[in-house]
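What follows is query.txt (compact mmCIF, C-alpha atoms).
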# COMPACT_ATOMS: atom_id res chain seq x y z
CA MET X 1 -17.61 14.07 -18.68
CA SER X 2 -14.08 13.24 -19.82
CA PHE X 3 -10.73 14.62 -18.68
CA ALA X 4 -10.51 16.44 -22.01
CA GLU X 5 -13.54 18.54 -20.96
CA LEU X 6 -11.86 19.73 -17.75
CA GLY X 7 -9.48 22.10 -19.50
CA LEU X 8 -6.28 20.09 -19.09
CA SER X 9 -3.48 20.45 -21.62
CA GLU X 10 -2.59 17.84 -24.21
CA PRO X 11 0.65 16.65 -22.51
CA ILE X 12 -1.23 16.02 -19.25
CA LEU X 13 -4.14 14.30 -21.00
CA ARG X 14 -1.69 12.07 -22.85
CA ALA X 15 -0.13 10.93 -19.57
CA VAL X 16 -3.55 10.32 -18.00
CA ILE X 17 -4.76 8.28 -20.97
CA GLU X 18 -1.54 6.28 -21.06
CA ASN X 19 -2.39 5.16 -17.54
CA GLY X 20 -5.80 3.96 -18.67
CA TYR X 21 -8.10 6.70 -17.39
CA THR X 22 -10.68 8.66 -19.35
CA ILE X 23 -13.48 9.39 -16.88
CA PRO X 24 -12.72 11.61 -13.84
CA THR X 25 -14.00 10.67 -10.40
CA PRO X 26 -16.48 12.97 -8.57
CA ILE X 27 -13.74 14.73 -6.59
CA GLN X 28 -11.72 15.27 -9.76
CA LYS X 29 -14.72 16.71 -11.62
CA GLN X 30 -15.11 19.34 -8.93
CA ALA X 31 -11.55 19.93 -7.73
CA ILE X 32 -9.77 20.26 -11.09
CA PRO X 33 -11.83 23.23 -12.38
CA ALA X 34 -11.73 24.84 -8.92
CA VAL X 35 -7.93 24.64 -8.69
CA LEU X 36 -7.51 25.85 -12.27
CA LYS X 37 -9.40 29.04 -11.34
CA GLY X 38 -6.58 29.90 -8.97
CA GLY X 39 -8.66 30.37 -5.83
CA ASP X 40 -8.45 28.63 -2.47
CA LEU X 41 -10.16 25.28 -1.93
CA LEU X 42 -11.49 23.35 1.05
CA ALA X 43 -12.18 19.78 -0.03
CA GLY X 44 -13.67 16.89 1.92
CA ALA X 45 -12.41 13.67 0.39
CA GLN X 46 -11.25 10.36 1.78
CA THR X 47 -8.44 8.12 0.65
CA GLY X 48 -9.62 6.13 -2.36
CA THR X 49 -11.65 8.88 -4.01
CA GLY X 50 -8.97 9.91 -6.49
CA LYS X 51 -8.20 13.13 -4.62
CA THR X 52 -4.44 13.04 -5.32
CA ALA X 53 -5.01 13.39 -9.07
CA GLY X 54 -7.69 15.93 -8.17
CA PHE X 55 -5.00 18.39 -7.12
CA THR X 56 -1.86 17.17 -8.93
CA LEU X 57 -3.39 17.44 -12.42
CA PRO X 58 -4.53 21.08 -12.16
CA ILE X 59 -1.32 22.07 -10.33
CA LEU X 60 0.74 20.64 -13.19
CA GLN X 61 -1.46 22.59 -15.59
CA ARG X 62 -1.02 25.88 -13.74
CA LEU X 63 2.73 25.55 -13.28
CA SER X 64 3.26 24.64 -16.93
CA THR X 65 1.31 27.65 -18.23
CA ILE X 66 2.19 30.36 -15.69
CA ALA X 67 5.68 31.85 -15.59
CA PRO X 68 7.55 31.57 -12.25
CA LYS X 69 7.58 34.58 -9.96
CA PRO X 70 10.36 37.07 -10.66
CA GLY X 71 13.46 36.32 -8.62
CA THR X 72 12.85 32.56 -8.45
CA ARG X 73 16.26 31.10 -7.73
CA ALA X 74 18.20 28.19 -6.27
CA LYS X 75 16.60 26.40 -3.30
CA SER X 76 13.20 27.89 -4.14
CA VAL X 77 9.96 25.93 -4.50
CA ARG X 78 6.88 26.89 -6.52
CA THR X 79 4.41 24.37 -5.10
CA LEU X 80 4.62 22.81 -1.63
CA ILE X 81 2.53 19.72 -0.83
CA LEU X 82 2.53 18.67 2.84
CA THR X 83 1.50 15.13 3.81
CA PRO X 84 1.42 13.37 7.19
CA THR X 85 3.50 10.27 6.40
CA ARG X 86 6.47 9.19 4.34
CA GLU X 87 4.49 6.58 2.37
CA LEU X 88 1.86 9.10 1.34
CA ALA X 89 4.53 11.67 0.43
CA ALA X 90 6.25 9.15 -1.84
CA GLN X 91 2.98 8.19 -3.53
CA VAL X 92 1.91 11.79 -4.11
CA GLU X 93 5.26 12.65 -5.71
CA GLU X 94 5.01 9.52 -7.82
CA SER X 95 1.64 10.80 -9.03
CA VAL X 96 3.24 14.14 -9.89
CA ARG X 97 5.92 12.43 -11.95
CA THR X 98 3.46 10.10 -13.64
CA TYR X 99 1.10 12.83 -14.85
CA GLY X 100 3.86 15.38 -15.44
CA LYS X 101 5.76 12.95 -17.64
CA TYR X 102 5.57 15.17 -20.72
CA LEU X 103 6.09 18.50 -18.94
CA LYS X 104 9.39 20.25 -18.25
CA LEU X 105 8.78 20.49 -14.52
CA LYS X 106 11.03 19.33 -11.71
CA SER X 107 9.63 17.55 -8.67
CA GLY X 108 11.03 15.94 -5.55
CA VAL X 109 10.09 14.46 -2.20
CA ILE X 110 11.71 14.87 1.22
CA PHE X 111 10.98 13.14 4.50
CA GLY X 112 12.83 11.83 7.53
CA GLY X 113 14.23 8.41 8.24
CA VAL X 114 16.94 8.72 5.57
CA GLY X 115 20.03 10.82 4.99
CA ILE X 116 19.49 14.53 4.52
CA HIS X 117 22.43 15.26 2.17
CA PRO X 118 20.87 13.83 -1.03
CA GLN X 119 17.84 15.98 -0.25
CA ILE X 120 20.01 19.08 0.15
CA LYS X 121 21.45 18.42 -3.30
CA LEU X 122 17.94 17.89 -4.68
CA LEU X 123 16.73 21.22 -3.31
CA SER X 124 19.79 23.21 -4.30
CA ALA X 125 18.71 23.72 -7.91
CA GLY X 126 15.13 24.61 -7.00
CA LEU X 127 11.94 22.63 -7.68
CA ASP X 128 8.60 23.27 -9.30
CA ILE X 129 6.85 20.84 -6.94
CA LEU X 130 8.05 19.59 -3.57
CA VAL X 131 6.20 16.96 -1.55
CA ALA X 132 7.27 16.89 2.08
CA THR X 133 6.42 15.76 5.58
CA PRO X 134 6.43 18.58 8.15
CA GLY X 135 9.32 17.49 10.38
CA ARG X 136 11.90 16.99 7.65
CA LEU X 137 10.79 20.20 5.95
CA LEU X 138 11.50 22.08 9.18
CA ASP X 139 14.94 20.46 9.32
CA HIS X 140 15.73 21.97 5.92
CA MET X 141 14.25 25.32 6.88
CA GLU X 142 16.44 25.44 10.00
CA GLN X 143 19.54 24.55 7.96
CA GLY X 144 18.75 27.13 5.30
CA THR X 145 18.71 24.54 2.53
CA ILE X 146 15.28 25.52 1.18
CA ASP X 147 13.64 28.80 0.18
CA LEU X 148 9.86 28.96 0.62
CA SER X 149 9.51 32.67 -0.17
CA LYS X 150 8.44 31.97 -3.78
CA VAL X 151 5.75 29.35 -3.09
CA GLU X 152 2.76 29.94 -5.35
CA ILE X 153 0.58 26.98 -4.32
CA LEU X 154 0.31 25.24 -0.93
CA VAL X 155 -1.47 21.90 -0.47
CA LEU X 156 -2.27 20.37 2.92
CA ASP X 157 -3.16 16.76 2.15
CA GLU X 158 -4.97 14.69 4.79
CA ALA X 159 -4.94 17.72 7.06
CA ASP X 160 -7.04 15.97 9.71
CA ARG X 161 -4.47 13.21 10.08
CA MET X 162 -1.68 15.76 10.35
CA LEU X 163 -3.52 17.36 13.24
CA ASP X 164 -4.12 13.90 14.77
CA MET X 165 -0.38 13.30 14.67
CA GLY X 166 0.43 16.56 16.43
CA PHE X 167 1.79 18.52 13.46
CA ILE X 168 -0.14 21.75 14.06
CA ARG X 169 2.87 23.66 15.46
CA ASP X 170 5.08 22.46 12.61
CA ILE X 171 2.44 23.51 10.08
CA ARG X 172 2.22 26.98 11.63
CA LYS X 173 6.00 27.37 11.42
CA VAL X 174 5.87 26.45 7.74
CA LEU X 175 2.98 28.83 7.06
CA ALA X 176 4.95 31.68 8.64
CA ALA X 177 7.73 31.17 6.06
CA LEU X 178 5.40 31.33 3.04
CA PRO X 179 4.47 34.45 1.04
CA LYS X 180 1.06 35.88 1.88
CA GLN X 181 -0.05 35.85 -1.76
CA ARG X 182 -0.53 32.21 -2.74
CA GLN X 183 -3.18 29.60 -3.60
CA ASN X 184 -4.12 27.30 -0.71
CA LEU X 185 -5.69 23.85 -1.09
CA LEU X 186 -6.77 21.93 2.02
CA PHE X 187 -7.92 18.31 1.75
CA SER X 188 -9.40 16.52 4.74
CA ALA X 189 -11.46 13.38 5.27
CA THR X 190 -13.38 15.09 8.07
CA PHE X 191 -14.28 18.64 9.05
CA SER X 192 -13.63 18.70 12.79
CA ASP X 193 -13.57 21.94 14.79
CA GLU X 194 -9.77 21.91 14.56
CA ILE X 195 -9.88 21.60 10.78
CA LYS X 196 -12.43 24.42 10.54
CA ALA X 197 -10.22 26.62 12.71
CA LEU X 198 -7.19 25.84 10.54
CA ALA X 199 -9.17 26.53 7.37
CA ASP X 200 -10.49 29.84 8.71
CA GLY X 201 -6.96 31.07 9.36
CA LEU X 202 -5.46 29.69 6.15
CA LEU X 203 -8.00 29.99 3.35
CA ASN X 204 -9.27 33.12 1.63
CA ALA X 205 -12.89 32.87 0.46
CA PRO X 206 -12.43 29.21 -0.45
CA GLU X 207 -14.60 27.16 -2.73
CA MET X 208 -15.87 24.19 -0.70
CA ILE X 209 -16.48 20.73 -2.12
CA GLU X 210 -17.22 17.41 -0.46
CA VAL X 211 -17.66 14.01 -2.02
CA ALA X 212 -18.56 10.52 -0.80
CA LYS X 213 -20.97 9.89 2.01
CA ARG X 214 -19.04 10.02 5.25
CA ASN X 215 -18.90 7.04 7.58
CA SER X 216 -20.32 4.76 4.92
CA THR X 217 -19.01 1.26 4.32
CA VAL X 218 -18.63 -0.13 0.86
CA GLU X 219 -21.40 -2.39 -0.37
CA VAL X 220 -19.00 -4.69 -2.19
CA ILE X 221 -17.11 -5.41 1.04
CA ALA X 222 -18.23 -8.53 2.87
CA GLN X 223 -17.89 -7.79 6.59
CA LYS X 224 -17.75 -10.46 9.28
CA ILE X 225 -17.05 -10.71 13.01
CA TYR X 226 -15.29 -13.74 14.47
CA PRO X 227 -15.83 -13.84 18.26
CA VAL X 228 -12.76 -15.32 19.96
CA ASP X 229 -10.87 -15.22 23.26
CA ARG X 230 -8.07 -12.66 23.40
CA ASP X 231 -5.33 -15.30 23.67
CA ARG X 232 -6.72 -17.28 20.72
CA LYS X 233 -6.66 -14.50 18.14
CA HIS X 234 -3.34 -15.52 16.62
CA PRO X 235 -4.25 -19.22 16.19
CA LEU X 236 -7.58 -18.21 14.67
CA LEU X 237 -5.94 -15.82 12.21
CA ALA X 238 -3.46 -18.51 11.13
CA HIS X 239 -6.35 -20.96 10.74
CA LEU X 240 -8.37 -18.56 8.56
CA ILE X 241 -5.39 -17.76 6.33
CA LYS X 242 -4.59 -21.43 5.75
CA ALA X 243 -8.15 -22.77 5.58
CA HIS X 244 -9.24 -20.18 3.01
CA ASN X 245 -5.88 -19.96 1.23
CA TRP X 246 -5.67 -16.18 1.66
CA SER X 247 -2.69 -14.90 -0.32
CA GLN X 248 -2.70 -11.14 0.37
CA VAL X 249 -3.91 -10.00 3.78
CA LEU X 250 -3.56 -6.57 5.38
CA VAL X 251 -3.82 -6.97 9.17
CA PHE X 252 -4.33 -4.06 11.58
CA THR X 253 -3.06 -4.14 15.17
CA ARG X 254 -3.50 -1.56 17.87
CA THR X 255 0.18 -1.21 18.79
CA LYS X 256 3.67 -1.47 17.30
CA HIS X 257 4.58 -4.17 19.83
CA GLY X 258 1.47 -6.13 18.87
CA ALA X 259 2.42 -5.91 15.20
CA ASN X 260 5.94 -7.24 15.84
CA LYS X 261 4.67 -10.05 18.06
CA LEU X 262 2.09 -11.16 15.49
CA VAL X 263 4.71 -11.30 12.72
CA GLU X 264 6.86 -13.60 14.88
CA GLN X 265 3.87 -15.81 15.67
CA LEU X 266 2.83 -16.11 12.03
CA ALA X 267 6.39 -16.99 11.01
CA ARG X 268 6.21 -20.02 13.32
CA ASP X 269 3.11 -21.05 11.36
CA ASP X 270 5.04 -20.80 8.06
CA ILE X 271 3.08 -17.70 7.04
CA THR X 272 5.25 -14.96 5.53
CA ALA X 273 4.57 -11.66 7.25
CA MET X 274 6.23 -8.30 7.86
CA ALA X 275 5.24 -5.30 9.95
CA ILE X 276 5.23 -1.59 9.17
CA HIS X 277 5.03 1.01 11.90
CA GLY X 278 6.79 4.14 13.11
CA ASN X 279 9.72 2.31 14.67
CA LYS X 280 10.64 0.55 11.44
CA SER X 281 13.31 2.08 9.21
CA GLN X 282 12.24 3.57 5.92
CA THR X 283 14.14 0.85 4.08
CA ALA X 284 12.28 -1.87 5.96
CA ARG X 285 8.91 -0.20 5.41
CA THR X 286 9.52 0.29 1.70
CA ARG X 287 10.68 -3.29 1.27
CA ALA X 288 7.70 -4.71 3.17
CA LEU X 289 5.18 -2.65 1.20
CA GLY X 290 6.87 -3.47 -2.10
CA ASP X 291 6.93 -7.21 -1.40
CA PHE X 292 3.29 -7.09 -0.32
CA LYS X 293 2.15 -5.24 -3.43
CA ALA X 294 4.11 -7.66 -5.60
CA GLY X 295 2.38 -10.63 -3.97
CA GLU X 296 5.64 -11.95 -2.53
CA LEU X 297 4.49 -11.37 1.05
CA GLN X 298 1.38 -13.10 2.34
CA VAL X 299 0.60 -10.83 5.30
CA LEU X 300 1.37 -7.18 5.99
CA VAL X 301 0.77 -6.15 9.62
CA ALA X 302 0.29 -2.43 10.18
CA THR X 303 -0.71 0.14 12.75
CA ASP X 304 -3.19 2.81 11.69
CA ILE X 305 -0.72 5.67 11.28
CA ALA X 306 1.84 3.56 9.41
CA ALA X 307 -0.88 2.35 7.04
CA ARG X 308 -1.55 5.86 5.74
CA GLY X 309 -0.57 5.95 2.10
CA ILE X 310 -0.94 2.22 1.51
CA ASP X 311 -2.81 2.09 -1.77
CA ILE X 312 -3.22 -1.34 -3.35
CA ASP X 313 -5.49 -2.33 -6.21
CA GLN X 314 -7.87 -5.22 -5.58
CA LEU X 315 -6.67 -5.96 -2.05
CA PRO X 316 -8.83 -8.99 -1.22
CA HIS X 317 -8.60 -9.21 2.58
CA VAL X 318 -8.42 -6.78 5.50
CA VAL X 319 -8.31 -8.15 9.04
CA ASN X 320 -8.90 -6.16 12.20
CA TYR X 321 -6.76 -8.21 14.57
CA ASP X 322 -7.54 -5.49 17.12
CA LEU X 323 -10.56 -3.23 16.70
CA PRO X 324 -9.51 0.40 16.22
CA ASN X 325 -9.58 2.89 19.07
CA VAL X 326 -11.71 5.30 17.03
CA PRO X 327 -14.88 3.89 15.37
CA GLU X 328 -14.36 5.93 12.19
CA ASP X 329 -11.01 4.21 11.67
CA TYR X 330 -12.90 0.95 11.09
CA VAL X 331 -14.47 2.47 7.99
CA HIS X 332 -11.11 3.76 6.82
CA ARG X 333 -9.41 0.40 7.36
CA ILE X 334 -11.92 -1.75 5.53
CA GLY X 335 -12.18 0.82 2.72
CA ARG X 336 -8.78 -0.39 1.54
CA THR X 337 -10.48 -3.44 0.04
CA GLY X 338 -13.40 -3.54 -2.39
CA ARG X 339 -11.95 -0.81 -4.59
CA ALA X 340 -12.27 -0.19 -8.31
CA GLY X 341 -15.34 -2.41 -8.51
CA ALA X 342 -13.57 -5.42 -7.00
CA THR X 343 -15.07 -7.40 -4.16
CA GLY X 344 -13.32 -7.55 -0.82
CA GLU X 345 -13.59 -9.17 2.57
CA ALA X 346 -13.08 -7.45 5.91
CA VAL X 347 -13.05 -9.59 9.03
CA SER X 348 -12.59 -8.62 12.67
CA LEU X 349 -11.37 -10.85 15.48
CA VAL X 350 -13.28 -9.59 18.50
CA CYS X 351 -12.71 -10.59 22.11
CA VAL X 352 -14.79 -9.69 25.15
CA ASP X 353 -12.60 -6.64 25.85
CA GLU X 354 -13.75 -5.06 22.57
CA HIS X 355 -17.52 -5.51 22.79
CA GLN X 356 -18.14 -1.83 23.51
CA MET X 357 -15.86 -0.85 20.63
CA LEU X 358 -17.89 -3.10 18.34
CA LYS X 359 -21.14 -1.50 19.50
CA ASP X 360 -19.71 1.95 18.73
CA ILE X 361 -18.65 0.82 15.25
CA GLU X 362 -22.02 -0.72 14.43
CA LYS X 363 -23.77 2.42 15.66
CA LEU X 364 -21.57 4.51 13.37
CA ILE X 365 -22.11 2.37 10.24
CA ARG X 366 -25.78 1.78 11.13
CA GLN X 367 -25.69 -1.94 10.63
CA THR X 368 -25.04 -5.11 12.56
CA VAL X 369 -22.03 -6.98 11.23
CA PRO X 370 -22.68 -10.75 10.88
CA ARG X 371 -21.03 -13.00 13.49
CA GLU X 372 -19.53 -16.42 12.87
CA VAL X 373 -18.04 -18.66 15.54
CA VAL X 374 -15.34 -20.94 14.13
CA PRO X 375 -15.48 -24.51 15.49
CA GLY X 376 -12.58 -25.05 17.85
CA PHE X 377 -12.30 -21.32 18.59
CA GLU X 378 -15.49 -20.80 20.59
CA PRO X 379 -15.04 -17.92 23.07
CA ASP X 380 -15.38 -18.62 26.79
CA PRO X 381 -18.90 -17.43 27.76
CA ASN X 382 -17.65 -16.68 31.27
CA ALA X 383 -14.68 -14.53 30.20
CA ARG X 384 -14.63 -11.07 31.72
CA ALA X 385 -13.53 -7.92 29.93
CA GLN X 386 -10.18 -6.38 30.82
CA PRO X 387 -9.27 -2.70 30.36
CA ILE X 388 -7.54 -1.80 27.10
CA GLN X 389 -4.76 0.77 27.26
CA LEU X 390 -5.48 3.27 24.53
CA ARG X 391 -3.20 6.03 23.37
CA SER X 392 -4.55 9.29 22.01
CA ALA X 393 -2.58 10.10 18.87
CA ALA X 394 -3.72 13.71 19.00
CA HIS X 395 -2.49 14.43 22.51
CA GLY X 396 0.04 11.72 23.26
CA ARG X 397 -1.65 10.79 26.53
CA GLN X 398 -1.74 7.31 27.90
CA GLY X 399 -4.86 6.29 29.72
CA GLY X 400 -6.47 3.17 31.04
CA ASN X 401 -10.02 3.01 29.76
CA ARG X 402 -12.67 0.53 30.56
CA SER X 403 -13.31 -1.96 27.80
CA GLY X 404 -14.13 -0.32 24.50
CA GLN X 405 -14.01 3.28 25.69
CA THR X 406 -12.66 5.57 22.99
CA PRO X 407 -10.25 8.42 23.82
CA GLY X 408 -10.56 11.80 22.17
CA ALA X 409 -9.35 11.83 18.59
CA ALA X 410 -10.48 13.30 15.33
CA PRO X 411 -12.81 10.99 13.40
CA ARG X 412 -11.78 9.29 10.19
CA SER X 413 -13.77 7.88 7.38
CA ALA X 414 -13.23 6.19 4.07
CA ALA X 415 -14.83 5.63 0.71
CA PRO X 416 -14.51 3.17 -2.12
CA ARG X 417 -12.02 3.94 -4.85
CA PRO X 418 -13.81 4.98 -8.04
CA SER X 419 -12.31 4.46 -11.46
CA GLY X 420 -10.34 7.70 -11.71
CA PRO X 421 -6.59 8.04 -12.07
CA ARG X 422 -4.14 6.98 -9.45
CA PRO X 423 -0.35 6.87 -9.51
CA ALA X 424 1.28 4.36 -11.83
CA ALA X 425 4.95 3.53 -11.61
CA PRO X 426 6.79 5.62 -14.21
CA ALA X 427 9.58 4.31 -16.34
CA GLY X 428 12.17 6.68 -14.94
CA ARG X 429 12.63 9.17 -12.13
CA ARG X 430 13.49 12.74 -13.02
CA GLN X 431 14.09 13.97 -9.53
CA GLY X 432 14.88 11.97 -6.46
CA GLY X 433 14.51 12.50 -2.78
CA GLY X 434 14.93 10.57 0.37
CA GLY X 435 12.11 8.83 2.12
CA GLY X 436 10.76 8.86 5.61
CA SER X 437 8.30 10.45 7.93
CA GLY X 438 8.57 14.07 8.77
CA ASN X 439 7.15 12.94 12.07
CA ARG X 440 10.41 13.20 13.92
CA GLY X 441 11.06 10.11 15.97
CA ARG X 442 7.58 8.71 15.47

Taking this structure as input, can you express it in the form of structure tokens?
Amino acid sequence: MSFAELGLSEPILRAVIENGYTIPTPIQKQAIPAVLKGGDLLAGAQTGTGKTAGFTLPILQRLSTIAPKPGTRAKSVRTLILTPTRELAAQVEESVRTYGKYLKLKSGVIFGGVGIHPQIKLLSAGLDILVATPGRLLDHMEQGTIDLSKVEILVLDEADRMLDMGFIRDIRKVLAALPKQRQNLLFSATFSDEIKALADGLLNAPEMIEVAKRNSTVEVIAQKIYPVDRDRKHPLLAHLIKAHNWSQVLVFTRTKHGANKLVEQLARDDITAMAIHGNKSQTARTRALGDFKAGELQVLVATDIAARGIDIDQLPHVVNYDLPNVPEDYVHRIGRTGRAGATGEAVSLVCVDEHQMLKDIEKLIRQTVPREVVPGFEPDPNARAQPIQLRSAAHGRQGGNRSGQTPGAAPRSAAPRPSGPRPAAPAGRRQGGGGGSGNRGR
């Protein structure tokens, strides 16, 4: 099946083809016709499945062929797309601009972390498509700088992560401002009880689709465990980067403080590295991600939440400096490599404190990850596990858990990126918007 067979208009097909795509991914094959019908949709799809084009393409089609509601005026929005993080918001709006290149539609993106006044100007003339994070959207609602009474289509992207991050109250406030008659599209990597409850209250007789086997790891990803003492992780990481001449490495840490500390340590080893997390300014995050994508930065250190929206072709190396609190996040992390048919390597530096975490991960993925002890970095066989302080993103509680215990949090999963369309940098920007996380203060 080709994109031409999905009922998309010539201007949209031209933009898709210009970006080198002719065959839709599984989620696109199912989601595009479903959205074009005009009904509600509940879709299970992970990052890397091509889901963004799965809803942006048919939305562009509908908006370009259906006249706006009567009374559409300044500050009004026809389609509202909510995302959990600033990076994802920016990438989704970039996708809208890329595939809407030949359409007379106006789009924009708003999120926190930057000045609000350029966004007020952006919204003042009205938009066909607005991508937003919840917190900044509420700021505009409270200031009366946006009108949501004419919204025709609502998209909740990565709804499970939005619930993880505590956005449910913000989402309910937004829903209360929307017209009752509208099309609702909910995309989630998992279908937890919270997601099902949200869907039940939001969707009207939705079509349900789900693609990619959940909790599966990609066959083209070579996984490896390096046992090491907790205080030798940094020297081992530096050794691996230099010994194997790794040039582009995405490293995950458990905390913001850990990310900052690791960047400082790597700098002393003459390894260029930058960190992205919630405490970093939007400018710093954008610069770090841009330098990393361009190959000018050797190592990007990220926390799980900050890494949402990072989408890089042929990323060769992912390192779990700290194992994730939630086993499903391991699958999501390593799924960032080995995409589009490329091979990738995912390594984890595991100390005695994380042995239970590793057992939980291997139980989830139903395989034992190969171990390799690096000469000179042999772990102390007599070392005893120490408790790891884990923070529940969903509830904001701090708790001391015995080694490897996982606090309550919604599961995550990932899938390889098939060969469907994904955002490509357009030549020019029709509509601007600030950047940042709607997650106020996070």

Pick the closest to X:Phe55 from X:Ala34, X:Ile225, X:Leu300, X:Ile116: which is it, counting only C-alpha atoms?
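Counting only C-alpha atoms, the residue closest to X:Phe55 is X:Ala34.
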
Could you produce a table of the residues of stretch 171-244 of chain X lying within 10 Å of stretch 72-81 of chain X, with the nearest pair of atoms per residue and their separation in Å rounded to one decimal, using all atoms listed in the file, ordered by chain and increasing residue number, as a Markdown table?
| residue | atom | partner | partner_atom | distance |
| --- | --- | --- | --- | --- |
| X:Leu178 | CA | X:Leu80 | CA | 9.7 |
| X:Arg182 | CA | X:Thr79 | CA | 9.6 |
| X:Gln183 | CA | X:Thr79 | CA | 9.3 |
| X:Asn184 | CA | X:Leu80 | CA | 9.9 |
| X:Leu185 | CA | X:Ile81 | CA | 9.2 |
| X:Leu186 | CA | X:Ile81 | CA | 10.0 |

With distances taken over only C-alpha atoms, the candidate from X:Ala53, X:Val319, X:Val228, X:Ile241 nearest X:Thr253 is X:Val319

Can you list, as a list of chain:residue names, every protein, DNA or RNA residue that comes within 8 Å of X:Ala383 when you count all atoms listed in the file, leaving out same-chain residues fewer than 4 positions away?
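Near X:Ala383, the qualifying residues are X:Asp229, X:Val352, X:Pro379.
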
Go through X:Gly144, X:Pro316, X:Gly108, X:Pro324 and flag the residue nearest X:Asp304, using all atoms listed in the file for the distances.
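Closest to X:Asp304, using all atoms listed in the file: X:Pro324.
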
Atom CA of X:Thr22 and atom CA of X:Arg97 are how many Å apart?
18.6 Å

Measure the distance from atom CA of X:Arg136 to atom CA of X:Val174 in Å and round it to one decimal.
11.2 Å
